[in-house]
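Contents: one structure, followed by commentary.
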Amino acid sequence: MIQQLAPILVLGVVVIGFAVVMLSLTFIAGPTRNPTPEKQIPYECGVIGTDMRTTKFPVKFYLTAILFILFDIEVIFLYPWAIVYIDFLKKGPFIFIEMAVFMVFLTFGLFYVWKGHALDWD
Amino acid sequence: MFGRVTLWIGTKEMGSGLLEFAINALKIVIVFVAIVSTVPLLVWVERRGSAFMQNRLGPNRVGPLGLLQLLADAIKFIFKEEFIPDHADKVLYFMAPGLALLPAALTFAAVPFSSPVTIMGHTINMQIADINVGIIYIFAVASLAVYGVLTAGWSSGNKYSLIGALRACSQMISYEIAMGLSLIGVLIMYQSFSLNDMIASQIGGFNFNWHGVHHAFKYLPAWGIFYQPLSFILFVTCGFAETNRMPFDLPEGEAELVGGYHTEYGGFKFNMFFMGEYGHMITSSALITTLFFGGYALPLISPEQVAAFWIDHGAGLAGPLHLSIADVSSLMTTLTHLAVFGLKTGFWLFFYVWVRWTLPRFRYDQLMDLGWKTLLPWSLVNLALTATVIFFARVS
């Protein structure tokens with residue numbers, strides 16, 4: 001299994017090599033660096049800001065990330081199920097009922113999050 | 001000869017022996033160069049296309065039809081002055097463009113772009129890596145694109161970059177759920193994660209079993225879009241959001257965020273974000289082709305029939321190429337499939353450009369509402385519908 005990824009390792013090396021060469025080409029071929037104070041400040045029109053990395057941002061982004069992790073894990077549970085679904089149906093309706101129960105919980109979770117206004121952006 | 005040195009590079013996936021390893025390595029380089037050089041071509045299509053749609057001329061000075069304009073741009077990028085903002089985290093600032101390009105190039109590795117070719121006893125897969133969990137691999141690597149964006153936004157030390165990056169990330173992860181869910185209906189139909197299996201099951205005419213009775217249609221191909229139309233619509237919509245393309249290019253909303261997460265980038269570093277974005281476009285077009293439009297195979301015509309056609313009609317090429325008729329047939333079949341794949345993928349790439357110049361941009365809350373409150377429920381509906389219909393068709 002892991003051996004199937006060997007060509008991807010080679011491709012990864014090629015891509016990183018390309019990136020490094022291209023980024024260093026500018027150092028070699030570009031004009032000499034001439035940093036002036038005006039050039040070095042963050043892009044901004046009007047009043048020059050302080051260190052911008054501490055800017056506050058809405059908690060919504062954090063909430064979205066948490067919800068993403070929850071739902072993405074649920075999606076991953078569905079993937080192996082989808083592959084074997086038609087095969088397992090030959091043995092009876094259990095696989096259908098099983099996933100129907102799971103789907104009810106998933107949909108309820110979505111409904112709960114929805115009603116709790118966690119999905120609202122305003 | 002290689003022995004222990006190569007250990008697992010010299011696996012059967014990279015070919016046995018020095019020659020096959022070299023051929024496979026060359027193939028990887030060619031595919032990467034092809035992706036990288038498709039980007040300028042796409043930008044040209046985008047600029048000429050937009051000019052055409054807006055009744056302008058577009059770039060038409062450099063080279064025939066302005067085709068060399070983007071080459072000129074690429075050279076110009078290299079000769080730009082290197083620039084590092086004072087507030088930037090220097091290491092991450094330089095890493096970010098690479099992190100943006102890497103997943104875009106790696107995702108394409110699992111896509112088969114033509115049928116395997118057998119020449120002089122050597123079989124070469126027209127796919128960088130034949131992974132049995134291809135779809136999962138593509139999703140896994142595609143989600144890594146978030147890191148390039150976040151790294152760029154955070155390391156630039158500019159609030160516009162940071163907010164642009166956060167927006168881009170929220171958007172990408174939100175639509176990833178709907179995208180992943182929309183494909184489950186498709187996976188139920190194909191019963192496999194491997195993209196090669198998916199192409200194989202789309203060969204021939206549309207057919208299905210209903211209560212033990214087999215229905216077959218002669219003139220409708222067995223393409224995924226006919227089995228899963230809703231899934232197709234959801235997947236394409238999510239594809240636009242995942243690639244940060246219009247109408248979902250909020251991360252770059254110029255009016256409010258200057259340039260989004262790459263505000264502080266210039267020269268070739270900026271170009272690499274661009275290449276990443278277009279690389280994702282190429283991969284998602286290739287995925288749409290493979291999942292819903294039969295991949296490299298011709299509609300209703302199986303690869304065996306194409307090979308038989310070239311055995312009958314390719315005899316004239318065997319002499320000049322110094323190859324046996326079987327080799328010529330295999331080679332021409334591969335080239336035919338490559339052309340078909342190129343045409344199908346090219347159409348979807350053009351579709352991306354077309355939509356960009358047709359639809360206006362969403363507002364951010366509308367974008368998140370669409371992802372969570374429309375696409376996600378509808379992909380659940382699609383999943384439930386597919387499972388239920390198959391359940392009633394099989395169990396009676």
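For the structure tokens, the naming scheme is as follows: chains receive sequential letters (A, B, ...) according to their order of presentation, residues are indexed from 1 within each chain, and ligands are indexed from 1 in presentation order.
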
Every residue of chain A that DSSP places in helix (DSSP H, G or I), as JSON, numbers by chain: {"A": [2, 3, 4, 5, 6, 7, 8, 9, 10, 11, 12, 13, 14, 15, 16, 17, 18, 19, 20, 21, 22, 23, 24, 25, 26, 27, 28, 29, 37, 38, 39, 40, 52, 53, 54, 60, 61, 62, 63, 64, 65, 66, 67, 68, 69, 70, 71, 72, 73, 74, 75, 76, 77, 78, 79, 80, 81, 82, 83, 84, 85, 86, 87, 88, 89, 94, 95, 96, 97, 98, 99, 100, 101, 102, 103, 104, 105, 106, 107, 108, 109, 110, 111, 112, 113, 114, 115]}

Write out as a PDB file with N, CA and C atoms, in the first residue's frame each polymer residue whose atoms come within 10 Å of Met99 in chain A, counting only C-alpha atoms; drop sequence neighbours fewer than 6 positions from it.
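Final output, out_39.pdb:
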ATOM      1  N   PHE A  77     -16.759   8.451   8.136  1.00  0.00           N
ATOM      2  CA  PHE A  77     -17.431   7.199   8.495  1.00  0.00           C
ATOM      3  C   PHE A  77     -18.278   6.671   7.339  1.00  0.00           C
ATOM      4  N   LEU A  78     -18.815   7.584   6.548  1.00  0.00           N
ATOM      5  CA  LEU A  78     -19.703   7.173   5.459  1.00  0.00           C
ATOM      6  C   LEU A  78     -18.940   6.576   4.281  1.00  0.00           C
ATOM      7  N   TRP A  81     -18.533   2.745   4.147  1.00  0.00           N
ATOM      8  CA  TRP A  81     -19.892   2.220   4.053  1.00  0.00           C
ATOM      9  C   TRP A  81     -20.387   2.290   2.598  1.00  0.00           C
ATOM     10  N   ALA A  82     -20.124   3.400   1.919  1.00  0.00           N
ATOM     11  CA  ALA A  82     -20.612   3.587   0.555  1.00  0.00           C
ATOM     12  C   ALA A  82     -20.062   2.516  -0.388  1.00  0.00           C
ATOM     13  N   TYR A  85     -21.799  -0.915   0.244  1.00  0.00           N
ATOM     14  CA  TYR A  85     -23.255  -0.870   0.384  1.00  0.00           C
ATOM     15  C   TYR A  85     -23.965  -1.889  -0.510  1.00  0.00           C
ATOM     16  N   PHE A 105     -28.946  10.684  13.327  1.00  0.00           N
ATOM     17  CA  PHE A 105     -28.136  11.403  14.312  1.00  0.00           C
ATOM     18  C   PHE A 105     -27.373  12.557  13.667  1.00  0.00           C
TER      19      PHE A 105
ATOM     20  N   ALA B 384     -29.206  10.032   0.943  1.00  0.00           N
ATOM     21  CA  ALA B 384     -30.360   9.260   1.405  1.00  0.00           C
ATOM     22  C   ALA B 384     -31.157   8.725   0.216  1.00  0.00           C
ATOM     23  N   ALA B 387     -29.220   5.842  -1.516  1.00  0.00           N
ATOM     24  CA  ALA B 387     -29.250   4.621  -0.714  1.00  0.00           C
ATOM     25  C   ALA B 387     -30.639   3.997  -0.731  1.00  0.00           C
TER      26      ALA B 387
END

Chain A contacts on chain B, only C-alpha atoms, 6 Å, as JSON, numbers by chain: {"B": [9, 78, 79, 80, 81, 85, 86, 98, 129, 131, 157, 158, 159, 177, 187, 188, 191, 192, 365]}

Nearest-residue call for Arg394 in chain B, choices A:Phe88, A:Gly46, A:Glu98, A:Ile66, using only C-alpha atoms: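 Nearest to Arg394 in chain B: A:Phe88.
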
Closest-contact table, range 105-161 of chain B side, partner range 292-299 of chain B, 8 Å, counting only C-alpha atoms, as a tab-separated table:
residue	atom	partner	partner_atom	distance
B:Pro112	CA	B:Tyr296	CA	7.8
B:Phe113	CA	B:Tyr296	CA	6.1
B:Ser114	CA	B:Tyr296	CA	5.6
B:Ser115	CA	B:Tyr296	CA	7.4

Residues within 9 Å of range 349-352 of chain B, only C-alpha atoms, excluding chain neighbours under 2 positions, as a ChimeraX atom specification: /B:42,45-46,49,240,245-246,281-282,284-286,344-347,354-357

Store the residues of this selection in a file with N, CA and C atoms, as a PDB file, in the first residue's frame.
ATOM      1  N   LEU B  42      -3.854  28.698 -19.617  1.00  0.00           N
ATOM      2  CA  LEU B  42      -5.165  28.951 -19.006  1.00  0.00           C
ATOM      3  C   LEU B  42      -5.374  30.434 -18.743  1.00  0.00           C
ATOM      4  N   VAL B  45      -6.284  31.927 -21.899  1.00  0.00           N
ATOM      5  CA  VAL B  45      -7.691  31.645 -22.219  1.00  0.00           C
ATOM      6  C   VAL B  45      -8.594  32.545 -21.385  1.00  0.00           C
ATOM      7  N   GLU B  46      -8.206  32.698 -20.109  1.00  0.00           N
ATOM      8  CA  GLU B  46      -8.998  33.515 -19.204  1.00  0.00           C
ATOM      9  C   GLU B  46      -9.048  34.967 -19.681  1.00  0.00           C
ATOM     10  N   GLY B  49     -10.628  35.146 -23.152  1.00  0.00           N
ATOM     11  CA  GLY B  49     -12.040  34.796 -23.004  1.00  0.00           C
ATOM     12  C   GLY B  49     -12.832  35.933 -22.388  1.00  0.00           C
ATOM     13  N   PHE B 240     -15.913  25.044  -7.349  1.00  0.00           N
ATOM     14  CA  PHE B 240     -15.669  26.487  -7.517  1.00  0.00           C
ATOM     15  C   PHE B 240     -15.230  27.115  -6.206  1.00  0.00           C
ATOM     16  N   ARG B 245     -12.632  30.287  -6.805  1.00  0.00           N
ATOM     17  CA  ARG B 245     -12.918  30.939  -8.062  1.00  0.00           C
ATOM     18  C   ARG B 245     -14.223  31.713  -7.958  1.00  0.00           C
ATOM     19  N   MET B 246     -14.378  32.697  -8.824  1.00  0.00           N
ATOM     20  CA  MET B 246     -15.653  33.372  -8.974  1.00  0.00           C
ATOM     21  C   MET B 246     -16.736  32.315  -9.203  1.00  0.00           C
ATOM     22  N   MET B 281      -7.623  24.076 -10.176  1.00  0.00           N
ATOM     23  CA  MET B 281      -8.640  24.110 -11.231  1.00  0.00           C
ATOM     24  C   MET B 281      -8.467  22.936 -12.187  1.00  0.00           C
ATOM     25  N   ILE B 282      -7.208  22.680 -12.574  1.00  0.00           N
ATOM     26  CA  ILE B 282      -6.938  21.576 -13.499  1.00  0.00           C
ATOM     27  C   ILE B 282      -7.349  20.255 -12.861  1.00  0.00           C
ATOM     28  N   SER B 284      -9.488  19.715 -10.417  1.00  0.00           N
ATOM     29  CA  SER B 284     -10.925  19.531 -10.207  1.00  0.00           C
ATOM     30  C   SER B 284     -11.632  19.322 -11.543  1.00  0.00           C
ATOM     31  N   SER B 285     -11.142  19.952 -12.618  1.00  0.00           N
ATOM     32  CA  SER B 285     -11.721  19.664 -13.936  1.00  0.00           C
ATOM     33  C   SER B 285     -11.481  18.209 -14.315  1.00  0.00           C
ATOM     34  N   ALA B 286     -10.264  17.734 -14.044  1.00  0.00           N
ATOM     35  CA  ALA B 286      -9.945  16.339 -14.348  1.00  0.00           C
ATOM     36  C   ALA B 286     -10.811  15.393 -13.521  1.00  0.00           C
ATOM     37  N   LYS B 344     -12.238  16.822 -22.771  1.00  0.00           N
ATOM     38  CA  LYS B 344     -13.233  16.869 -21.688  1.00  0.00           C
ATOM     39  C   LYS B 344     -12.774  17.815 -20.583  1.00  0.00           C
ATOM     40  N   THR B 345     -11.494  17.647 -20.170  1.00  0.00           N
ATOM     41  CA  THR B 345     -10.978  18.506 -19.112  1.00  0.00           C
ATOM     42  C   THR B 345     -10.934  19.953 -19.576  1.00  0.00           C
ATOM     43  N   GLY B 346     -10.533  20.143 -20.842  1.00  0.00           N
ATOM     44  CA  GLY B 346     -10.473  21.494 -21.401  1.00  0.00           C
ATOM     45  C   GLY B 346     -11.825  22.168 -21.374  1.00  0.00           C
ATOM     46  N   PHE B 347     -12.872  21.400 -21.633  1.00  0.00           N
ATOM     47  CA  PHE B 347     -14.204  21.997 -21.588  1.00  0.00           C
ATOM     48  C   PHE B 347     -14.511  22.521 -20.193  1.00  0.00           C
ATOM     49  N   TRP B 354     -15.733  30.731 -18.044  1.00  0.00           N
ATOM     50  CA  TRP B 354     -17.047  31.175 -18.484  1.00  0.00           C
ATOM     51  C   TRP B 354     -17.874  31.672 -17.292  1.00  0.00           C
ATOM     52  N   VAL B 355     -17.907  30.854 -16.228  1.00  0.00           N
ATOM     53  CA  VAL B 355     -18.698  31.215 -15.053  1.00  0.00           C
ATOM     54  C   VAL B 355     -18.132  32.467 -14.401  1.00  0.00           C
ATOM     55  N   ARG B 356     -16.801  32.570 -14.377  1.00  0.00           N
ATOM     56  CA  ARG B 356     -16.191  33.723 -13.728  1.00  0.00           C
ATOM     57  C   ARG B 356     -16.685  35.029 -14.330  1.00  0.00           C
ATOM     58  N   TRP B 357     -16.859  35.053 -15.659  1.00  0.00           N
ATOM     59  CA  TRP B 357     -17.252  36.290 -16.307  1.00  0.00           C
ATOM     60  C   TRP B 357     -18.750  36.372 -16.512  1.00  0.00           C
TER      61      TRP B 357
END
